[in-house]
Structures are given as C-alpha cells and as structure tokens.
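Structure file my_file_9.cif (mmCIF, C-alpha atoms) follows.
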```cif
data_protein
loop_
_atom_site.label_atom_id
_atom_site.label_comp_id
_atom_site.auth_asym_id
_atom_site.auth_seq_id
_atom_site.Cartn_x
_atom_site.Cartn_y
_atom_site.Cartn_z
CA ILE A 1 31.99 21.38 6.12
CA SER A 2 31.61 18.43 8.47
CA GLU A 3 28.90 16.44 6.67
CA TYR A 4 29.33 15.09 3.13
CA ASN A 5 25.84 13.87 2.27
CA ASN A 6 26.73 13.14 -1.37
CA ARG A 7 29.66 10.83 -0.49
CA ILE A 8 29.83 7.03 -0.68
CA TYR A 9 32.42 5.10 1.33
CA ILE A 10 33.69 1.59 0.62
CA SER A 11 35.10 -0.79 3.21
CA GLU A 12 37.99 -3.17 2.85
CA VAL A 13 37.37 -6.57 1.24
CA LYS A 14 36.42 -9.30 3.69
CA SER A 15 38.09 -12.72 3.53
CA ASN A 16 36.81 -15.95 5.05
CA GLY A 17 38.54 -16.86 8.32
CA GLU A 18 40.18 -13.49 8.87
CA LEU A 19 40.87 -12.42 12.46
CA GLN A 20 39.77 -8.81 11.93
CA ASP A 21 36.47 -7.85 10.30
CA SER A 22 37.46 -5.93 7.16
CA TRP A 23 33.88 -4.74 6.68
CA THR A 24 34.41 -2.40 9.64
CA ILE A 25 37.51 -0.77 8.14
CA PHE A 26 37.05 2.34 6.01
CA LYS A 27 40.28 3.91 4.84
CA PRO A 28 40.27 7.73 4.61
CA LEU A 29 40.54 7.95 0.82
CA ASN A 30 38.22 5.06 -0.09
CA TYR A 31 35.22 7.15 -1.08
CA LEU A 32 33.41 8.54 -4.11
CA ASP A 33 31.52 11.86 -4.32
CA VAL A 34 28.55 12.15 -6.67
CA ASP A 35 27.18 15.46 -7.95
CA GLY A 36 25.84 17.38 -4.96
CA ASN A 37 23.68 19.64 -7.13
CA TYR A 38 21.00 16.92 -7.18
CA GLY A 39 20.74 16.72 -3.40
CA PRO A 40 21.97 14.27 -0.76
CA ILE A 41 22.18 10.51 -1.24
CA ASN A 42 18.98 9.16 0.32
CA ASN A 43 19.27 5.45 -0.46
CA ILE A 44 21.59 2.86 -2.00
CA THR A 45 20.14 -0.39 -3.34
CA VAL A 46 21.07 -3.29 -5.61
CA LEU A 47 19.25 -4.39 -8.78
CA ASN A 48 20.73 -7.63 -10.08
CA ASP A 49 24.43 -6.73 -10.55
CA LYS A 50 23.94 -2.94 -10.46
CA LEU A 51 24.59 -0.75 -7.41
CA LEU A 52 22.17 2.21 -7.56
CA PHE A 53 22.11 5.46 -5.59
CA PHE A 54 19.19 7.88 -5.23
CA GLN A 55 19.26 11.62 -4.66
CA ASP A 56 16.43 14.16 -4.43
CA LYS A 57 16.41 14.92 -8.14
CA ALA A 58 18.47 12.17 -9.76
CA PHE A 59 19.61 8.57 -9.52
CA GLY A 60 22.42 6.61 -11.07
CA GLU A 61 24.72 3.59 -11.03
CA ILE A 62 27.94 3.23 -9.10
CA LEU A 63 30.74 1.50 -11.02
CA LEU A 64 32.18 -0.95 -8.53
CA ASN A 65 35.24 -2.88 -9.72
CA PRO A 66 34.18 -2.73 -13.38
CA ARG A 67 35.56 -5.31 -15.78
CA THR A 68 36.92 -4.84 -19.26
CA THR A 69 37.18 -7.46 -21.98
CA ILE A 70 40.31 -7.98 -24.12
CA THR A 71 41.12 -10.52 -26.81
CA ASP A 72 44.00 -12.91 -26.29
CA ILE A 73 46.34 -14.21 -28.99
CA ASP A 74 44.00 -17.15 -29.70
CA GLY A 75 40.99 -14.92 -30.31
CA GLY A 76 39.33 -15.68 -26.97
CA GLU A 77 37.93 -13.07 -24.60
CA VAL A 78 39.54 -12.35 -21.23
CA GLN A 79 37.89 -10.25 -18.53
CA LEU A 80 40.08 -7.96 -16.47
CA GLY A 81 39.02 -6.21 -13.25
CA THR A 82 40.36 -2.81 -12.29
CA GLY A 83 40.82 -3.67 -8.61
CA GLN A 84 40.13 -0.06 -7.65
CA GLY A 85 36.84 -0.41 -5.71
CA LEU A 86 34.62 2.63 -6.34
CA VAL A 87 35.76 3.81 -9.75
CA ASP A 88 33.08 6.15 -11.11
CA TYR A 89 29.33 6.70 -11.40
CA ASN A 90 26.84 7.21 -14.23
CA TYR A 91 23.57 9.08 -13.94
CA ILE A 92 20.56 7.18 -15.27
CA SER A 93 18.25 10.19 -14.81
CA THR A 94 18.88 13.78 -13.76
CA SER A 95 15.18 14.66 -13.72
CA ALA A 96 13.71 11.91 -11.50
CA GLY A 97 14.88 10.86 -8.05
CA SER A 98 13.57 10.27 -4.53
CA LYS A 99 14.00 12.18 -1.28
CA HIS A 100 12.25 9.38 0.67
CA GLN A 101 14.63 6.60 1.74
CA TRP A 102 11.68 4.29 2.58
CA GLY A 103 9.93 5.08 -0.71
CA ILE A 104 12.35 2.97 -2.78
CA LEU A 105 11.73 -0.75 -3.30
CA ASN A 106 13.62 -3.26 -5.41
CA THR A 107 12.02 -6.52 -6.60
CA SER A 108 13.59 -9.32 -8.63
CA ASN A 109 13.49 -7.35 -11.89
CA SER A 110 12.77 -3.69 -11.10
CA VAL A 111 13.24 -0.80 -8.70
CA TYR A 112 10.15 1.26 -7.82
CA PHE A 113 10.44 4.71 -6.28
CA TRP A 114 8.29 7.71 -5.42
CA ASP A 115 9.43 11.15 -6.60
CA ALA A 116 7.83 13.77 -4.34
CA ASN A 117 9.04 16.64 -6.53
CA LEU A 118 7.25 15.30 -9.61
CA ARG A 119 4.56 13.45 -7.60
CA LYS A 120 5.05 10.31 -9.65
CA ILE A 121 5.92 6.65 -9.16
CA PHE A 122 8.76 5.47 -11.39
CA ARG A 123 9.97 2.01 -12.34
CA TYR A 124 13.54 1.26 -13.40
CA SER A 125 14.18 -2.20 -14.82
CA GLY A 126 17.69 -1.80 -16.19
CA GLN A 127 16.39 -1.01 -19.67
CA GLY A 128 15.14 2.48 -18.92
CA ASN A 129 13.26 4.65 -16.44
CA GLU A 130 9.46 4.63 -16.77
CA PRO A 131 6.96 7.10 -15.25
CA LEU A 132 4.76 4.23 -14.09
CA SER A 133 1.95 6.35 -12.65
CA ASP A 134 1.62 8.22 -15.96
CA LEU A 135 1.63 5.04 -18.06
CA LYS A 136 -0.92 3.29 -15.82
CA SER A 137 -3.37 6.20 -15.42
CA MET A 138 -2.61 7.13 -11.80
CA SER A 139 -1.07 10.54 -12.48
CA ASN A 140 -4.14 12.58 -11.49
CA PHE A 141 -4.53 10.77 -8.18
CA LEU A 142 -0.86 11.09 -7.18
CA TYR A 143 -0.63 14.71 -8.27
CA ASN A 144 -3.40 15.60 -5.82
CA ILE A 145 -1.46 14.16 -2.85
CA THR A 146 -0.46 17.12 -0.68
CA GLY A 147 0.69 17.82 2.84
CA THR A 148 3.82 16.95 4.78
CA ILE A 149 4.60 13.90 2.62
CA LEU A 150 6.07 16.24 0.02
CA THR A 151 8.72 17.50 2.44
CA LYS A 152 8.99 15.05 5.36
CA ASP A 153 10.53 11.58 5.57
CA THR A 154 9.69 10.40 9.09
CA PRO A 155 7.24 7.47 8.73
CA ILE A 156 7.31 6.76 12.48
CA ASN A 157 5.60 10.14 12.89
CA PHE A 158 3.19 9.39 10.01
CA GLN A 159 4.98 11.77 7.65
CA GLY A 160 6.41 10.03 4.62
CA ILE A 161 6.09 6.85 2.60
CA ARG A 162 6.83 3.17 3.21
CA THR A 163 7.05 0.39 0.65
CA THR A 164 7.08 -3.40 0.78
CA TYR A 165 6.50 -6.36 -1.52
CA ASP A 166 3.90 -9.12 -1.21
CA TYR A 167 5.59 -12.23 -2.59
CA LYS A 168 2.33 -14.20 -2.42
CA TYR A 169 0.38 -11.93 -4.75
CA ASN A 170 3.26 -10.07 -6.48
CA ASP A 171 2.00 -6.75 -5.11
CA VAL A 172 4.14 -3.65 -4.71
CA ILE A 173 2.68 -1.77 -1.73
CA PHE A 174 3.02 2.01 -1.24
CA THR A 175 1.74 3.56 2.00
CA PHE A 176 1.53 7.36 1.97
CA ASN A 177 1.13 9.31 5.21
CA SER A 178 0.59 13.05 5.07
CA SER A 179 -0.90 15.69 7.33
CA ILE A 180 -4.12 15.54 5.28
CA LEU A 181 -4.97 11.96 4.23
CA ASN A 182 -3.45 8.45 4.28
CA TYR A 183 -3.32 6.05 1.33
CA THR A 184 -2.06 2.52 0.72
CA LEU A 185 -1.80 1.98 -3.04
CA ILE A 186 -1.22 -1.41 -4.68
CA TYR A 187 0.58 -2.14 -7.95
CA ASN A 188 0.40 -5.74 -9.18
CA GLU A 189 3.29 -7.04 -11.29
CA ARG A 190 1.24 -9.93 -12.71
CA ILE A 191 -1.38 -7.76 -14.39
CA ASN A 192 1.04 -4.82 -14.82
CA ALA A 193 -1.45 -2.33 -13.38
CA PHE A 194 -2.48 -0.52 -10.22
CA SER A 195 -5.06 -2.86 -8.71
CA GLY A 196 -6.52 -0.94 -5.77
CA PHE A 197 -6.19 0.41 -2.24
CA TYR A 198 -5.87 -1.14 1.23
CA SER A 199 -7.30 0.24 4.47
CA HIS A 200 -4.17 -0.17 6.61
CA PHE A 201 -1.56 2.54 7.26
CA PRO A 202 1.21 1.11 9.50
CA ARG A 203 4.32 2.92 10.67
CA HIS A 204 6.63 0.14 9.52
CA TYR A 205 6.77 -2.90 7.26
CA VAL A 206 9.10 -5.85 7.92
CA ASN A 207 9.55 -8.37 5.12
CA ASP A 208 11.31 -11.75 5.31
CA ASN A 209 10.87 -12.45 1.56
CA LYS A 210 7.89 -14.66 2.40
CA ARG A 211 5.60 -12.78 4.77
CA ILE A 212 4.83 -9.15 5.62
CA PHE A 213 4.78 -7.97 9.23
CA SER A 214 3.52 -4.56 10.29
CA GLN A 215 2.80 -2.62 13.45
CA ASN A 216 -0.65 -1.49 14.56
CA PRO A 217 -0.39 2.32 14.27
CA ASP A 218 -2.29 2.72 17.57
CA ASN A 219 -0.05 0.49 19.70
CA TYR A 220 2.94 -1.85 19.49
CA ASP A 221 1.10 -5.01 18.38
CA ILE A 222 2.68 -6.83 15.43
CA TYR A 223 0.45 -8.39 12.77
CA VAL A 224 1.10 -10.85 9.93
CA HIS A 225 -0.43 -9.94 6.57
CA ASP A 226 -2.42 -12.38 4.36
CA GLU A 227 -3.43 -14.41 7.41
CA GLY A 228 -6.53 -14.39 9.61
CA LYS A 229 -9.95 -13.01 8.67
CA LYS A 230 -10.30 -11.47 5.23
CA GLY A 231 -10.91 -7.72 5.08
CA GLU A 232 -9.70 -7.23 8.66
CA PHE A 233 -6.72 -5.08 9.61
CA TYR A 234 -5.45 -4.75 13.20
CA GLY A 235 -8.68 -6.19 14.64
CA THR A 236 -10.99 -3.87 12.65
CA LYS A 237 -13.08 -5.19 9.77
CA TYR A 238 -13.39 -2.91 6.74
CA PRO A 239 -15.92 -3.10 3.88
CA SER A 240 -14.59 -4.35 0.56
CA LYS A 241 -15.30 -2.60 -2.73
CA LEU A 242 -14.60 -3.64 -6.31
CA THR A 243 -14.57 -1.08 -9.13
CA LEU A 244 -14.54 -2.18 -12.78
CA ILE A 245 -14.27 -0.05 -15.92
CA VAL A 246 -16.53 -1.51 -18.63
CA ASN A 247 -16.98 0.10 -22.04
CA PRO A 248 -16.57 -2.31 -24.97
CA LYS A 249 -16.57 -0.69 -28.41
CA GLY A 250 -16.19 2.79 -26.96
CA THR A 251 -17.39 4.66 -30.07
CA TRP A 252 -20.78 2.85 -30.17
CA ASN A 253 -23.99 3.99 -28.46
CA LYS A 254 -25.07 1.37 -25.93
CA VAL A 255 -27.64 0.70 -23.20
CA PHE A 256 -26.56 -1.24 -20.11
CA ASN A 257 -29.68 -2.63 -18.44
CA ASN A 258 -28.57 -5.94 -16.92
CA ILE A 259 -25.52 -7.52 -15.37
CA GLU A 260 -24.42 -11.06 -14.64
CA PHE A 261 -21.61 -12.14 -12.35
CA LEU A 262 -20.31 -15.23 -10.60
CA SER A 263 -19.75 -15.09 -6.83
CA GLN A 264 -19.53 -17.55 -3.97
CA ILE A 265 -19.81 -16.89 -0.23
CA ILE A 266 -17.98 -19.23 2.16
CA ASP A 267 -18.55 -19.30 5.93
CA GLN A 268 -15.04 -20.02 7.22
CA SER A 269 -16.25 -20.32 10.81
CA GLN A 270 -18.51 -23.26 9.83
CA LEU A 271 -15.96 -25.52 8.14
CA ASN A 272 -16.08 -23.61 4.83
CA ILE A 273 -19.79 -24.16 4.25
CA ASP A 274 -21.19 -22.55 1.09
CA ILE A 275 -23.93 -19.93 1.65
CA PRO A 276 -25.94 -20.08 -1.60
CA LEU A 277 -28.27 -17.09 -1.09
CA GLU A 278 -25.74 -14.40 -0.15
CA THR A 279 -23.68 -12.26 -2.51
CA ILE A 280 -22.57 -8.65 -3.03
CA THR A 281 -24.78 -6.39 -0.91
CA SER A 282 -24.94 -3.31 -3.16
CA ILE A 283 -23.99 -2.14 -6.62
CA ARG A 284 -23.62 1.20 -8.44
CA PHE A 285 -23.15 2.21 -12.09
CA TYR A 286 -21.97 5.61 -13.22
CA ASN A 287 -20.05 7.60 -15.80
CA GLU A 288 -19.20 11.31 -16.09
CA TRP A 289 -22.84 12.36 -16.62
CA GLN A 290 -25.03 9.53 -15.26
CA ASP A 291 -25.28 7.77 -11.91
CA THR A 292 -27.73 5.10 -10.79
CA GLY A 293 -26.82 5.66 -7.16
CA THR A 294 -26.27 2.79 -4.76
CA ILE A 295 -28.66 -0.09 -5.48
CA GLN A 296 -29.18 -2.46 -2.55
CA LEU A 297 -29.21 -6.08 -3.70
CA THR A 298 -31.73 -8.42 -2.08
CA PRO A 299 -31.40 -12.06 -3.19
CA GLN A 300 -34.49 -13.51 -4.83
CA THR A 301 -36.03 -10.01 -5.05
CA ASN A 302 -34.02 -7.76 -7.36
CA ILE A 303 -31.23 -10.26 -7.95
CA ARG A 304 -31.50 -13.98 -8.62
CA ARG A 305 -29.07 -16.87 -8.77
CA ARG A 306 -29.31 -19.43 -11.53
CA PHE A 307 -26.66 -22.11 -11.89
CA ARG A 308 -24.26 -20.07 -9.73
CA ILE A 309 -24.72 -16.97 -11.95
CA TRP A 310 -26.28 -13.91 -10.30
CA THR A 311 -28.46 -11.70 -12.55
CA ASN A 312 -29.66 -8.13 -11.91
CA LYS A 313 -31.91 -6.08 -14.23
CA THR A 314 -32.76 -3.03 -12.11
CA MET A 315 -30.25 -0.58 -13.51
CA LYS A 316 -30.16 1.34 -16.79
CA LEU A 317 -27.25 3.34 -18.10
CA LEU A 318 -26.91 5.00 -21.52
CA ILE A 319 -23.44 5.16 -23.04
#
```
Reformat the file's structure so that it appears as structure tokens.
Amino acid sequence: ISEYNNRIYISEVKSNGELQDSWTIFKPLNYLDVDGNYGPINNITVLNDKLLFFQDKAFGEILLNPRTTITDIDGGEVQLGTGQGLVDYNYISTSAGSKHQWGILNTSNSVYFWDANLRKIFRYSGQGNEPLSDLKSMSNFLYNITGTILTKDTPINFQGIRTTYDYKYNDVIFTFNSSILNYTLIYNERINAFSGFYSHFPRHYVNDNKRIFSQNPDNYDIYVHDEGKKGEFYGTKYPSKLTLIVNPKGTWNKVFNNIEFLSQIIDQSQLNIDIPLETITSIRFYNEWQDTGTIQLTPQTNIRRRFRIWTNKTMKLLI
C-alpha cells in the first residue's frame, strides 16, 4: 500500500518570527487514520471551532488538541489541553457523506454538502444533520439527476458539482454538471428555502467573501456576479421566470378568475427612467389537472394598470 486516502497528517506548530516554517514539517508519526470502510477523505473544512472531514458515505469531527475541565481547590474551573495534536475522531453520520470535494460549502453557521449516493443535499449546523432537500421539497428533483455527476468529480471537464456563497443575497449556490443536463440550484438562507435556478454553469467559482467570480465555460473570460445587466450571463441575456405556489385554505373549493400584482419597469440605459406601460409579458396558471396555457399580456388590452397595480381577468382556474 502506497496511498493512504483515509489518513490525516498534522504539521508542527508555527511560531511568530521562527527561522524555519513549521507548517512545512510533517513528522512521520503525526497522523490519524479514520475508518476506511466509508471511503477516502474527500474534503476537510472548518465550522466555527470544529474540524470536519468528509468521506463517500460518512462525515465526522476531528478532535484537535481537545480540552478538559477540572475544578481547583477554590471551586473554580480550569481548562487543560492535551498537547497531543490529532487525538481522535467522532463520526457525526455514517449514512450521509460526500464524494465531491467541490460539493461541500461552509457558511457562517452551517455546512452544506451534496451526497451523490443518496442524491440529497444535507445541512449540518453543529446541532444535527438535516436532509435539507427532503425538508424543503426538492427530493424529487434531485433524485432524478442522473449521468456522470453520480460518479465523477472533475468540474473542469463539466462532470461534478461546484458550490459557492453569495454574501449579498445570502444564497447558497449549487452547480451540477452531468453528461445529460446542467443545473444551478439556489438555496436562500434568509427565507430558509430553495428559491430557484440560474442559467449559468461555469467550470469554477472564486469567492473573496464579498464578490463571486466565475469563468465563461466557452472561453477563459472572467466575470463578476451581481454586476452589469440583469438577467445576463457571460454576454448572453436569458428570459426570467417567476413561479409561485398559491392555494390558501387548501381544503376549500375555489375559483381563481383574476390576479393583481405590483411591478415596475426601469430603463437603466436612460438614467433609470420609469416605463409605466410595460410589465410581465406572459402568465400561466396550472395545477395537476388544469392548465390555462401561456397567456400573452398586452397592457391596456387584457391587463390594466391602476395606481401602480396591474389587474388581469382573462384566466379561470377551479381548485
């Protein structure tokens, strides 16, 4: 055996002003082996004061210089360190893990990771491991993801998953690349829900804890996210779509025959001038057994604006 893919090494402790960099020194016996039955170690990350490791089918915490508390003769508490470096490890889960090193993302309070074996997104916050995609109604979508993403972890070849965090909008971004289809799924920490999809599928994300940079998948151009024209990725403008689930008092029979919404169109190229007679261009209403089809909206014909509120009465849906 020449490769120990379930082994963690620890360097010497670095001191300020030292002449030799201790972080480059790894003594032969300064290592810790975790259980190899759960696969190789694919990523090591930090959540607050916890050092976490991820394997294909499990993840856990590495005990690094743990401290114990004793009581002195005056009744006070004294903390003692072991001074042994890597002491032991504890498994948090032996059923969920991640084989994708780029599919693991830690934010200020949680670690998010994609488990290709279970086809689920999990969230670990220090209090427990949650199957986030099950709890937030994304299990059916993720379970239908197939192709090379289930076995490959080479994002540069568009086979795998990449994650990043949008500090401006508190979005956790997952980009899936498989041999069949590509997806960029968004989870928003403010609303605690999956909020939608993006139309960009880069090879890499670079994050400086303020902005997101990514590479145009067709060339080597670097772009900055959340800047420039809205709805445009890598020089291509994509249509925007908003889907809402509306069913108040679900056990009641209802008829939906009108809708009102507030919208405002701004022409950024003309010094942010308001365009009063433009709004959403089409609308559609459907459930599991009815569908109005796409209704084109023509201002002042089948949709009117009164005191900034747009009103449409051309659809009818029985619930």
Run through the PyMOL selection byres ((chain A and resi 295-303) around 10) on the given coordinates and return the selected residues as a PDB file with C-alpha atoms, in the coordinates of the input.
```pdb
ATOM      1  CA  ILE A 259     -25.520  -7.520 -15.370  1.00  0.00           C
ATOM      2  CA  GLU A 260     -24.420 -11.060 -14.640  1.00  0.00           C
ATOM      3  CA  PRO A 276     -25.940 -20.080  -1.600  1.00  0.00           C
ATOM      4  CA  LEU A 277     -28.270 -17.090  -1.090  1.00  0.00           C
ATOM      5  CA  GLU A 278     -25.740 -14.400  -0.150  1.00  0.00           C
ATOM      6  CA  THR A 279     -23.680 -12.260  -2.510  1.00  0.00           C
ATOM      7  CA  ILE A 280     -22.570  -8.650  -3.030  1.00  0.00           C
ATOM      8  CA  THR A 281     -24.780  -6.390  -0.910  1.00  0.00           C
ATOM      9  CA  SER A 282     -24.940  -3.310  -3.160  1.00  0.00           C
ATOM     10  CA  ILE A 283     -23.990  -2.140  -6.620  1.00  0.00           C
ATOM     11  CA  ARG A 284     -23.620   1.200  -8.440  1.00  0.00           C
ATOM     12  CA  PHE A 285     -23.150   2.210 -12.090  1.00  0.00           C
ATOM     13  CA  THR A 292     -27.730   5.100 -10.790  1.00  0.00           C
ATOM     14  CA  GLY A 293     -26.820   5.660  -7.160  1.00  0.00           C
ATOM     15  CA  THR A 294     -26.270   2.790  -4.760  1.00  0.00           C
ATOM     16  CA  ARG A 304     -31.500 -13.980  -8.620  1.00  0.00           C
ATOM     17  CA  ARG A 305     -29.070 -16.870  -8.770  1.00  0.00           C
ATOM     18  CA  TRP A 310     -26.280 -13.910 -10.300  1.00  0.00           C
ATOM     19  CA  THR A 311     -28.460 -11.700 -12.550  1.00  0.00           C
ATOM     20  CA  ASN A 312     -29.660  -8.130 -11.910  1.00  0.00           C
ATOM     21  CA  LYS A 313     -31.910  -6.080 -14.230  1.00  0.00           C
ATOM     22  CA  THR A 314     -32.760  -3.030 -12.110  1.00  0.00           C
ATOM     23  CA  MET A 315     -30.250  -0.580 -13.510  1.00  0.00           C
TER      24      MET A 315
END
```
Practice item. Please identify all polymer residues within 10 Å of Asp33 of chain A, counting all atoms listed in the file, omitting same-chain residues fewer than 2 positions from it, and present them as number ranges by chain. Key: A: 4-9, 31, 35-36, 41, 86, 88-89
Check your understanding: Ser199 of chain A: which residues within 8 Å, counting all atoms listed in the file, same-chain residues fewer than 4 positions away excluded, as a list in words?
Key ->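 With the cut-off at 8 Å, the set is Tyr183, Thr184, Phe233 and Tyr238 of chain A.
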Review point. Which is closest to Phe26 of chain A among A:Pro40, A:Ile10, A:Phe176, A:Pro248, if we use only C-alpha atoms?
Key: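 The answer is A:Ile10, which sits nearest to Phe26 of chain A.
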Review point. Could you spell out the hits of the PyMOL selection byres ((chain A and resi 186-198) around 9) on the shown file, as a list in words?
Key: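 On this input, the PyMOL selection byres ((chain A and resi 186-198) around 9) captures Ser133, Lys136, Ser137, Met138, Tyr169, Asn170, Asp171, Val172, Ile173, Phe174, Thr175, Tyr183, Thr184, Leu185, Ser199, His200, Phe201, Leu242 and Thr243 of chain A.
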With C-alpha atoms retained, could you export that selection as a CSV table (one decimal), in the coordinates of the input?
```csv
chain,number,residue,atom,x,y,z
A,133,SER,CA,2.0,6.4,-12.6
A,136,LYS,CA,-0.9,3.3,-15.8
A,137,SER,CA,-3.4,6.2,-15.4
A,138,MET,CA,-2.6,7.1,-11.8
A,169,TYR,CA,0.4,-11.9,-4.8
A,170,ASN,CA,3.3,-10.1,-6.5
A,171,ASP,CA,2.0,-6.8,-5.1
A,172,VAL,CA,4.1,-3.6,-4.7
A,173,ILE,CA,2.7,-1.8,-1.7
A,174,PHE,CA,3.0,2.0,-1.2
A,175,THR,CA,1.7,3.6,2.0
A,183,TYR,CA,-3.3,6.0,1.3
A,184,THR,CA,-2.1,2.5,0.7
A,185,LEU,CA,-1.8,2.0,-3.0
A,199,SER,CA,-7.3,0.2,4.5
A,200,HIS,CA,-4.2,-0.2,6.6
A,201,PHE,CA,-1.6,2.5,7.3
A,242,LEU,CA,-14.6,-3.6,-6.3
A,243,THR,CA,-14.6,-1.1,-9.1
```
Practice item. Enter the distance from atom CA of Ile121 of chain A to atom CA of Asp153 of chain A, in Å, rounded to one decimal. Key: 16.2 Å
Point to revise | Using all atoms listed in the file: which of A:Val87, A:Leu47, A:Leu142, A:Leu150 has the shortest distance to Gln127 of chain A | key: A:Leu47
Practice item. Identify all residues satisfying the PyMOL selection byres ((chain A and resi 209) around 10) in the given file; provide them as a list of chain:residue names. Key: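 When the PyMOL selection byres ((chain A and resi 209) around 10) is applied, the selected residues are A:Thr164, A:Tyr165, A:Asp166, A:Tyr167, A:Lys168, A:Val206, A:Asn207, A:Asp208, A:Lys210, A:Arg211, A:Ile212.
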Point to revise | Counting all atoms listed in the file, the residue of A:Ser263, A:Thr236, A:Ser178, A:Asn90 that sits nearest Asn144 of chain A | key: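 Checking each candidate against Asn144 of chain A, we get A:Ser178 as the closest.
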Practice item. One decimal, Å: what's the distance from atom CA of Ser125 of chain A over to atom CA of Phe213 of chain A, could you say? Key: 26.5 Å
**Study point:** One-decimal distance in Å that lies between atom CA of Arg119 of chain A and atom CA of Ser179 of chain A
**Key:** 16.1 Å
Study note, to complete from the structure: Using only C-alpha atoms, the residue out of A:Asn287, A:Asn30, A:Thr151, A:Thr45 with shortest distance to Glu12 of chain A is A:Asn30
Review point. Near segment 54-59 of chain A, counting all atoms listed in the file, which residues have an atom at most 8 Å away, once you skip same-chain residues fewer than 2 positions from it, shown as a list in words?
Key: Tyr38, Gly39, Pro40, Ile41, Asn42, Asn43, Ile44, Leu52, Glu61, Tyr91, Ile92, Ser93, Thr94, Ser95, Ala96, Gly97, Ser98, Lys99, Asp115 and Asn117 of chain A
Check your understanding: Which residue out of A:Leu118, A:Pro155, A:Asp291, A:Gln101 has the minimum interatomic distance to Ser139 of chain A when all atoms listed in the file are used?
Key -> A:Leu118
Review point. Residues around (3.1, 15.2, 6.8), cut-off 7 Å, counting only C-alpha atoms - what are they as number ranges by chain?
Key: A: 147-149, 152, 158-160, 177-179
